[in-house]
Each structure stands twice: as C-alpha cells, then as structure tokens.
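*Asks:* Below you will find the structure I want to go over with you.
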Amino acid sequence: MSNQLREEIDREIASNTILVYGKGTKTMPRCGFTLETIEFFDHFGYPYEVVDVLENMPKREVLAEMTNWPTLPKVFIKGKFYGDTDILGPMAQTGELKDVLKDAFGYEPEPKTTINLR
C-alpha cells in the first residue's frame with residue numbers, strides 16, 4: 001500500500017509547481033497552520049494546490065517518511081520539499097523565496113491591485 005501511496009504522492013508533486021499537503025482545502029482549511037500557509041501563498045500570486053490529508057493517516061505517514069517532517073502542512077515547490085511557513089517565512093523576508101518561485105514558474109506575477117475603501 002505504501003508504494004501505491006508513494007507513487008500517488010510523486011504524481012501529485014510532479015503535477016503541481018506548488019503543492020501543500022495540509023488539513024482541509026484552499027476553500028475550507030481545517031487547521032490554523034493550513035490557513036496560514038494558504039494566506040501566505042495567496043500573497044505571492046502564483047497558482048498552487050492544497051491536498052487535504054487530515055483523515056488519510058496512511059498518506060500522512062508516507063509523507064512523514066518521505067520528508068522526515070512529522071507535522072502538517074508540508075510544502076513542495078517544483079518537486080522540492082520546503083517544510084512549512086516556519087521555513088518559508090524567513091525565506092520570504094530575505095527575498096530568497098521570491099527567487100525560488102520566479103525560477104520555479106519562469107515568470108513573476110503581476111502585483112495585485114489593492115483598493116483602499118477609506
């Protein structure tokens with residue numbers, strides 16, 4: 001079973017430039033840390049996917065073995081495991097993450113327009 005799960009995880013990672021394994025979905029996160037990660041990536045403007053593994057313990061166990069990282073969420077960018085926002089936050093502050101994302105996607109997204117209603 002774990003080989004099938006590993007192959008499924010490998011396909012999911014290969015199919016998404018940014019992939020988050022978390023608790024819940026983009027539209028319905030079921031954990032504060034998953035919500036934090038969704039908000040974090042929303043800020044950058046690149047497409048990403050979230051895979052809900054809250055109730056899939058076998059998949060969570062395979063992910064933990066693959067990454068040597070016991071907690072969720074788990075973030076992969078262009079196939080490389082980056083941990084979570086505890087790792088990505090400091091990378092964002094130094095500008096390193098912006099470069100990683102630009103290299104992963106081959107472009108920089110247009111800045112989001114903010115409307116001040118005050």
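Chain identifiers are assigned as A, B, and so on, following the order in which chains appear in the structure tokens; residues are numbered from 1 within each chain, and ligands are numbered from 1 in order of appearance.
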Excluding A:Phe40 and any residue of its chain fewer than 5 positions from it, enumerate the residues within 9 Å of it, using only C-alpha atoms, and give them as a ChimeraX atom specification.
*Replies:* /A:35,85,89
*Asks:* Can you write out the residues you just picked, keeping N, CA and C atoms, as a short mmCIF file (atom, residue, chain, number, x, y, z; two decimals), in the first residue's frame?
*Replies:*
data_model
loop_
_atom_site.label_atom_id
_atom_site.label_comp_id
_atom_site.auth_asym_id
_atom_site.auth_seq_id
_atom_site.Cartn_x
_atom_site.Cartn_y
_atom_site.Cartn_z
N LEU A 35 -4.43 27.21 7.15
CA LEU A 35 -4.94 28.53 6.77
C LEU A 35 -3.80 29.53 6.61
N THR A 85 5.59 27.17 6.76
CA THR A 85 5.86 28.61 6.81
C THR A 85 6.93 28.98 7.84
N GLY A 89 8.72 31.45 5.73
CA GLY A 89 8.59 32.84 6.19
C GLY A 89 9.92 33.59 6.18
#
*Asks:* Pick out each residue of chain A that DSSP on the backbone tags as helix (DSSP H, G or I); I need them as a ChimeraX atom specification.
*Replies:* /A:2-15,32-44,57-67,85-94,96-105
*Asks:* Store the residues of this selection in a file with C-alpha atoms, as a CSV table (one decimal), in the first residue's frame.
*Replies:*
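Below is the file again-v1.csv, written as the result:
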chain,number,residue,atom,x,y,z
A,2,SER,CA,2.7,2.5,0.8
A,3,ASN,CA,4.3,2.0,-2.7
A,4,GLN,CA,0.9,3.0,-4.2
A,5,LEU,CA,0.7,6.0,-1.9
A,6,ARG,CA,4.2,7.0,-2.7
A,7,GLU,CA,3.5,6.8,-6.4
A,8,GLU,CA,0.3,8.9,-5.9
A,9,ILE,CA,2.2,11.5,-3.9
A,10,ASP,CA,5.0,11.6,-6.5
A,11,ARG,CA,2.4,12.2,-9.2
A,12,GLU,CA,0.7,15.0,-7.2
A,13,ILE,CA,4.0,16.7,-6.6
A,14,ALA,CA,5.1,16.4,-10.2
A,15,SER,CA,1.7,17.8,-11.4
A,32,GLY,CA,-4.9,27.3,11.6
A,33,PHE,CA,-1.5,26.3,10.2
A,34,THR,CA,-3.0,25.2,6.9
A,35,LEU,CA,-4.9,28.5,6.8
A,36,GLU,CA,-1.7,30.4,7.5
A,37,THR,CA,0.0,28.6,4.6
A,38,ILE,CA,-2.9,29.3,2.2
A,39,GLU,CA,-2.8,33.0,3.1
A,40,PHE,CA,1.0,33.0,2.8
A,41,PHE,CA,0.9,31.7,-0.8
A,42,ASP,CA,-2.1,33.9,-1.8
A,43,HIS,CA,0.2,36.8,-1.1
A,44,PHE,CA,2.6,35.7,-3.8
A,57,MET,CA,-3.4,8.6,8.0
A,58,PRO,CA,-1.7,6.2,5.7
A,59,LYS,CA,-0.8,9.0,3.3
A,60,ARG,CA,0.3,11.3,6.1
A,61,GLU,CA,2.6,8.5,7.4
A,62,VAL,CA,4.1,8.1,3.9
A,63,LEU,CA,4.6,11.8,3.6
A,64,ALA,CA,6.3,11.9,7.0
A,65,GLU,CA,8.6,9.1,6.0
A,66,MET,CA,9.4,10.9,2.7
A,67,THR,CA,10.2,14.2,4.2
A,85,THR,CA,5.9,28.6,6.8
A,86,ASP,CA,8.4,28.4,9.7
A,87,ILE,CA,10.9,27.7,7.0
A,88,LEU,CA,9.3,29.7,4.1
A,89,GLY,CA,8.6,32.8,6.2
A,90,PRO,CA,12.3,33.7,6.8
A,91,MET,CA,13.0,32.8,3.1
A,92,ALA,CA,10.3,35.3,2.1
A,93,GLN,CA,11.8,38.0,4.4
A,94,THR,CA,15.2,37.7,2.8
A,96,GLU,CA,15.1,34.0,-1.3
A,97,LEU,CA,11.6,32.6,-1.7
A,98,LYS,CA,10.7,35.2,-4.4
A,99,ASP,CA,13.7,34.0,-6.4
A,100,VAL,CA,12.7,30.3,-5.8
A,101,LEU,CA,9.2,31.0,-7.0
A,102,LYS,CA,10.3,33.0,-10.0
A,103,ASP,CA,12.7,30.2,-11.1
A,104,ALA,CA,10.0,27.6,-10.5
A,105,PHE,CA,7.4,29.3,-12.6
*Asks:* Using only C-alpha atoms, which of A:Lys80, A:Glu55, A:Val50, A:Tyr107 sits nearest A:Thr25?
*Replies:*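 Looking only at the distances to A:Thr25, the closest residue turns out to be A:Val50.
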*Asks:* May I have the residues within 7 Å of A:Val75 as a ChimeraX atom specification, using only C-alpha atoms and disregarding those fewer than 4 positions away in the same chain?
*Replies:* /A:19-21,81-84
*Asks:* So what do you get for atom CA of A:Ile77 versus atom CA of A:Ile18, distance-wise?
*Replies:*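 Atom-to-atom, atom CA of A:Ile77 to atom CA of A:Ile18, that is 4.6 Å.
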*Asks:* Provide the atom CA of A:Asp52 to atom CA of A:Gly24 distance in Å, to one decimal place.
*Replies:*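 Those two atoms sit 4.7 Å apart.
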*Asks:* Please, which residues of chain A, numbered as in this document, come out strand (DSSP E or B) from DSSP, as a VMD selection string?
*Replies:* chain A and resid 18 to 22 24 29 49 to 52 74 to 77 80 to 83
